[in-house]
Amino acid sequence: MYVTELNGKVESFRYVGRGEGYVEVKFEREENLNPLCVIYIGSENKEDLKVGDSIYKAKNSEDYQIYRQDGSENYSFCKTLKNKP
């Protein structure tokens with residue numbers, strides 16, 4: 001469990017070698033992928049995380065809350081993901 005709080009908008013992500021279904025996220029206005037933001041999305045749920053989603057992880061939490069824009073460009077809660085299955 002990471003003690004750091006995270007908050008940002010997804011610019012890109014890539015699958016990483018921790019096993020199938022793990023992605024490392026790059027936030028907007030950051031130069032590199034964020035090694036503290038590795039999320040398990042599984043192999044079946046490719047739509048669980050999209051570019052443009054907003055991610056929030058509270059300090060001392062394993063839960064990544066995913067927010068997605070609707071047609072009016074308002075963000076609303078979409079789902080909660082973790083960094084392990």
# chains A, B, ... in the order shown; residues from 1 in each chain; ligands from 1
call {"tool": "residues_around", "arguments": {"residues": "region 5-12 of chain A", "least_positions_apart": "6", "cutoff": "8 Å", "atoms": "only C-alpha atoms", "output": "list of chain:residue names"}}
result
A:Val25, A:Lys26, A:Phe27, A:Glu28, A:Cys37, A:Lys50, A:Val51, A:Gly52, A:Asp53, A:Ser54, A:Ile55, A:Tyr56, A:Lys57, A:Ala58, A:Lys59, A:Asn60
call {"tool": "select_by_dssp", "arguments": {"residues": "chain A", "states": "strand (DSSP E)", "output": "PDB file with N, CA and C atoms, in the first residue's frame"}}
result
ATOM      1  N   LEU A   6      -2.670  10.488  -4.645  1.00  0.00           N
ATOM      2  CA  LEU A   6      -2.528  10.721  -6.077  1.00  0.00           C
ATOM      3  C   LEU A   6      -3.803  11.346  -6.611  1.00  0.00           C
ATOM      4  N   ASN A   7      -3.628  12.239  -7.578  1.00  0.00           N
ATOM      5  CA  ASN A   7      -4.763  12.876  -8.209  1.00  0.00           C
ATOM      6  C   ASN A   7      -4.303  13.382  -9.566  1.00  0.00           C
ATOM      7  N   GLY A   8      -4.979  13.006 -10.627  1.00  0.00           N
ATOM      8  CA  GLY A   8      -4.592  13.489 -11.937  1.00  0.00           C
ATOM      9  C   GLY A   8      -5.482  12.972 -13.037  1.00  0.00           C
ATOM     10  N   LYS A   9      -5.301  13.565 -14.211  1.00  0.00           N
ATOM     11  CA  LYS A   9      -6.050  13.187 -15.401  1.00  0.00           C
ATOM     12  C   LYS A   9      -5.149  12.317 -16.275  1.00  0.00           C
ATOM     13  N   VAL A  10      -5.670  11.181 -16.725  1.00  0.00           N
ATOM     14  CA  VAL A  10      -4.890  10.213 -17.491  1.00  0.00           C
ATOM     15  C   VAL A  10      -4.584  10.763 -18.884  1.00  0.00           C
ATOM     16  N   GLU A  11      -3.282  10.859 -19.174  1.00  0.00           N
ATOM     17  CA  GLU A  11      -2.846  11.235 -20.524  1.00  0.00           C
ATOM     18  C   GLU A  11      -2.570   9.986 -21.353  1.00  0.00           C
ATOM     19  N   SER A  12      -1.967   8.999 -20.716  1.00  0.00           N
ATOM     20  CA  SER A  12      -1.704   7.724 -21.387  1.00  0.00           C
ATOM     21  C   SER A  12      -1.428   6.666 -20.327  1.00  0.00           C
ATOM     22  N   PHE A  13      -1.381   5.420 -20.756  1.00  0.00           N
ATOM     23  CA  PHE A  13      -0.983   4.344 -19.856  1.00  0.00           C
ATOM     24  C   PHE A  13      -0.416   3.218 -20.694  1.00  0.00           C
ATOM     25  N   ARG A  14       0.338   2.345 -20.041  1.00  0.00           N
ATOM     26  CA  ARG A  14       0.903   1.192 -20.729  1.00  0.00           C
ATOM     27  C   ARG A  14       0.832  -0.015 -19.804  1.00  0.00           C
ATOM     28  N   TYR A  15       0.737  -1.164 -20.422  1.00  0.00           N
ATOM     29  CA  TYR A  15       0.759  -2.403 -19.643  1.00  0.00           C
ATOM     30  C   TYR A  15       2.179  -2.642 -19.150  1.00  0.00           C
ATOM     31  N   TYR A  22      -2.004  -5.282 -15.600  1.00  0.00           N
ATOM     32  CA  TYR A  22      -1.504  -4.143 -14.829  1.00  0.00           C
ATOM     33  C   TYR A  22      -1.099  -3.019 -15.767  1.00  0.00           C
ATOM     34  N   VAL A  23      -1.498  -1.791 -15.432  1.00  0.00           N
ATOM     35  CA  VAL A  23      -1.105  -0.628 -16.226  1.00  0.00           C
ATOM     36  C   VAL A  23      -0.421   0.400 -15.325  1.00  0.00           C
ATOM     37  N   GLU A  24       0.516   1.105 -15.922  1.00  0.00           N
ATOM     38  CA  GLU A  24       1.185   2.229 -15.266  1.00  0.00           C
ATOM     39  C   GLU A  24       0.684   3.481 -15.966  1.00  0.00           C
ATOM     40  N   VAL A  25       0.304   4.484 -15.206  1.00  0.00           N
ATOM     41  CA  VAL A  25      -0.390   5.658 -15.734  1.00  0.00           C
ATOM     42  C   VAL A  25       0.547   6.854 -15.845  1.00  0.00           C
ATOM     43  N   LYS A  26       0.368   7.633 -16.923  1.00  0.00           N
ATOM     44  CA  LYS A  26       1.028   8.928 -17.085  1.00  0.00           C
ATOM     45  C   LYS A  26      -0.062   9.987 -16.978  1.00  0.00           C
ATOM     46  N   PHE A  27       0.120  10.914 -16.050  1.00  0.00           N
ATOM     47  CA  PHE A  27      -0.837  12.000 -15.865  1.00  0.00           C
ATOM     48  C   PHE A  27      -0.496  13.183 -16.752  1.00  0.00           C
ATOM     49  N   ASN A  34       3.934   7.378 -14.089  1.00  0.00           N
ATOM     50  CA  ASN A  34       4.045   7.507 -12.638  1.00  0.00           C
ATOM     51  C   ASN A  34       4.194   6.116 -12.011  1.00  0.00           C
ATOM     52  N   PRO A  35       5.386   5.787 -11.485  1.00  0.00           N
ATOM     53  CA  PRO A  35       5.581   4.452 -10.907  1.00  0.00           C
ATOM     54  C   PRO A  35       4.742   4.200  -9.660  1.00  0.00           C
ATOM     55  N   LEU A  36       4.156   5.230  -9.076  1.00  0.00           N
ATOM     56  CA  LEU A  36       3.275   5.069  -7.921  1.00  0.00           C
ATOM     57  C   LEU A  36       1.830   4.796  -8.332  1.00  0.00           C
ATOM     58  N   CYS A  37       1.562   4.884  -9.626  1.00  0.00           N
ATOM     59  CA  CYS A  37       0.199   4.665 -10.099  1.00  0.00           C
ATOM     60  C   CYS A  37       0.181   3.448 -11.023  1.00  0.00           C
ATOM     61  N   VAL A  38       0.232   2.269 -10.416  1.00  0.00           N
ATOM     62  CA  VAL A  38       0.098   1.007 -11.135  1.00  0.00           C
ATOM     63  C   VAL A  38      -1.227   0.402 -10.689  1.00  0.00           C
ATOM     64  N   ILE A  39      -2.115   0.222 -11.649  1.00  0.00           N
ATOM     65  CA  ILE A  39      -3.481  -0.206 -11.360  1.00  0.00           C
ATOM     66  C   ILE A  39      -3.753  -1.527 -12.058  1.00  0.00           C
ATOM     67  N   TYR A  40      -4.452  -2.410 -11.374  1.00  0.00           N
ATOM     68  CA  TYR A  40      -4.869  -3.667 -11.980  1.00  0.00           C
ATOM     69  C   TYR A  40      -6.211  -3.461 -12.665  1.00  0.00           C
ATOM     70  N   SER A  54     -10.164  10.773 -14.842  1.00  0.00           N
ATOM     71  CA  SER A  54      -9.513  11.393 -13.695  1.00  0.00           C
ATOM     72  C   SER A  54      -9.389  10.335 -12.603  1.00  0.00           C
ATOM     73  N   ILE A  55      -8.211  10.284 -11.966  1.00  0.00           N
ATOM     74  CA  ILE A  55      -7.949   9.285 -10.927  1.00  0.00           C
ATOM     75  C   ILE A  55      -7.686   9.994  -9.610  1.00  0.00           C
ATOM     76  N   TYR A  56      -8.266   9.472  -8.550  1.00  0.00           N
ATOM     77  CA  TYR A  56      -7.977   9.957  -7.206  1.00  0.00           C
ATOM     78  C   TYR A  56      -7.702   8.761  -6.306  1.00  0.00           C
ATOM     79  N   LYS A  57      -6.596   8.811  -5.571  1.00  0.00           N
ATOM     80  CA  LYS A  57      -6.272   7.799  -4.568  1.00  0.00           C
ATOM     81  C   LYS A  57      -5.944   8.532  -3.288  1.00  0.00           C
ATOM     82  N   ASP A  63      -7.298   1.972  -2.914  1.00  0.00           N
ATOM     83  CA  ASP A  63      -8.376   2.197  -3.873  1.00  0.00           C
ATOM     84  C   ASP A  63      -8.086   3.392  -4.766  1.00  0.00           C
ATOM     85  N   TYR A  64      -8.216   3.166  -6.076  1.00  0.00           N
ATOM     86  CA  TYR A  64      -8.109   4.243  -7.058  1.00  0.00           C
ATOM     87  C   TYR A  64      -9.521   4.524  -7.544  1.00  0.00           C
ATOM     88  N   GLN A  65     -10.022   5.708  -7.280  1.00  0.00           N
ATOM     89  CA  GLN A  65     -11.363   6.075  -7.713  1.00  0.00           C
ATOM     90  C   GLN A  65     -11.257   6.688  -9.107  1.00  0.00           C
ATOM     91  N   ILE A  66     -12.022   6.136 -10.030  1.00  0.00           N
ATOM     92  CA  ILE A  66     -11.988   6.565 -11.422  1.00  0.00           C
ATOM     93  C   ILE A  66     -13.224   7.412 -11.697  1.00  0.00           C
ATOM     94  N   TYR A  67     -12.981   8.599 -12.248  1.00  0.00           N
ATOM     95  CA  TYR A  67     -14.056   9.517 -12.628  1.00  0.00           C
ATOM     96  C   TYR A  67     -13.982   9.706 -14.138  1.00  0.00           C
ATOM     97  N   ARG A  68     -15.138   9.754 -14.793  1.00  0.00           N
ATOM     98  CA  ARG A  68     -15.186   9.857 -16.247  1.00  0.00           C
ATOM     99  C   ARG A  68     -16.132  10.981 -16.644  1.00  0.00           C
ATOM    100  N   GLN A  69     -15.770  11.679 -17.742  1.00  0.00           N
ATOM    101  CA  GLN A  69     -16.605  12.769 -18.243  1.00  0.00           C
ATOM    102  C   GLN A  69     -17.817  12.220 -18.971  1.00  0.00           C
ATOM    103  N   TYR A  75     -17.471  15.535 -14.763  1.00  0.00           N
ATOM    104  CA  TYR A  75     -16.918  14.283 -14.255  1.00  0.00           C
ATOM    105  C   TYR A  75     -17.867  13.694 -13.215  1.00  0.00           C
ATOM    106  N   SER A  76     -18.047  12.385 -13.302  1.00  0.00           N
ATOM    107  CA  SER A  76     -18.819  11.684 -12.283  1.00  0.00           C
ATOM    108  C   SER A  76     -18.108  10.371 -11.967  1.00  0.00           C
ATOM    109  N   PHE A  77     -18.370   9.875 -10.771  1.00  0.00           N
ATOM    110  CA  PHE A  77     -17.729   8.641 -10.337  1.00  0.00           C
ATOM    111  C   PHE A  77     -18.094   7.507 -11.283  1.00  0.00           C
ATOM    112  N   CYS A  78     -17.090   6.728 -11.673  1.00  0.00           N
ATOM    113  CA  CYS A  78     -17.297   5.615 -12.601  1.00  0.00           C
ATOM    114  C   CYS A  78     -17.115   4.279 -11.894  1.00  0.00           C
ATOM    115  N   LYS A  79     -15.967   4.088 -11.205  1.00  0.00           N
ATOM    116  CA  LYS A  79     -15.697   2.823 -10.516  1.00  0.00           C
ATOM    117  C   LYS A  79     -14.473   2.962  -9.635  1.00  0.00           C
ATOM    118  N   THR A  80     -14.243   1.954  -8.827  1.00  0.00           N
ATOM    119  CA  THR A  80     -13.049   1.888  -7.974  1.00  0.00           C
ATOM    120  C   THR A  80     -12.194   0.715  -8.445  1.00  0.00           C
ATOM    121  N   LEU A  81     -10.904   0.985  -8.630  1.00  0.00           N
ATOM    122  CA  LEU A  81      -9.949  -0.056  -8.994  1.00  0.00           C
ATOM    123  C   LEU A  81      -8.882  -0.150  -7.920  1.00  0.00           C
ATOM    124  N   LYS A  82      -8.123  -1.237  -7.918  1.00  0.00           N
ATOM    125  CA  LYS A  82      -7.048  -1.443  -6.944  1.00  0.00           C
ATOM    126  C   LYS A  82      -5.741  -1.708  -7.683  1.00  0.00           C
TER     127      LYS A  82
END
call {"tool": "atom_distance", "arguments": {"atom1": "CA of Ser61 (chain A)", "atom2": "CA of Asn83 (chain A)"}}
result
10.2 Å
call {"tool": "atom_distance", "arguments": {"atom1": "CA of Glu73 (chain A)", "atom2": "CA of Asn32 (chain A)"}}
result
26.0 Å
call {"tool": "atom_distance", "arguments": {"atom1": "CA of Val3 (chain A)", "atom2": "CA of Glu47 (chain A)"}}
result
27.0 Å
call {"tool": "closest_residue", "arguments": {"among": "A:Asp70, A:Arg29, A:Glu20, A:Thr4", "to": "Pro85 (chain A)", "atoms": "only C-alpha atoms"}}
result
A:Glu20
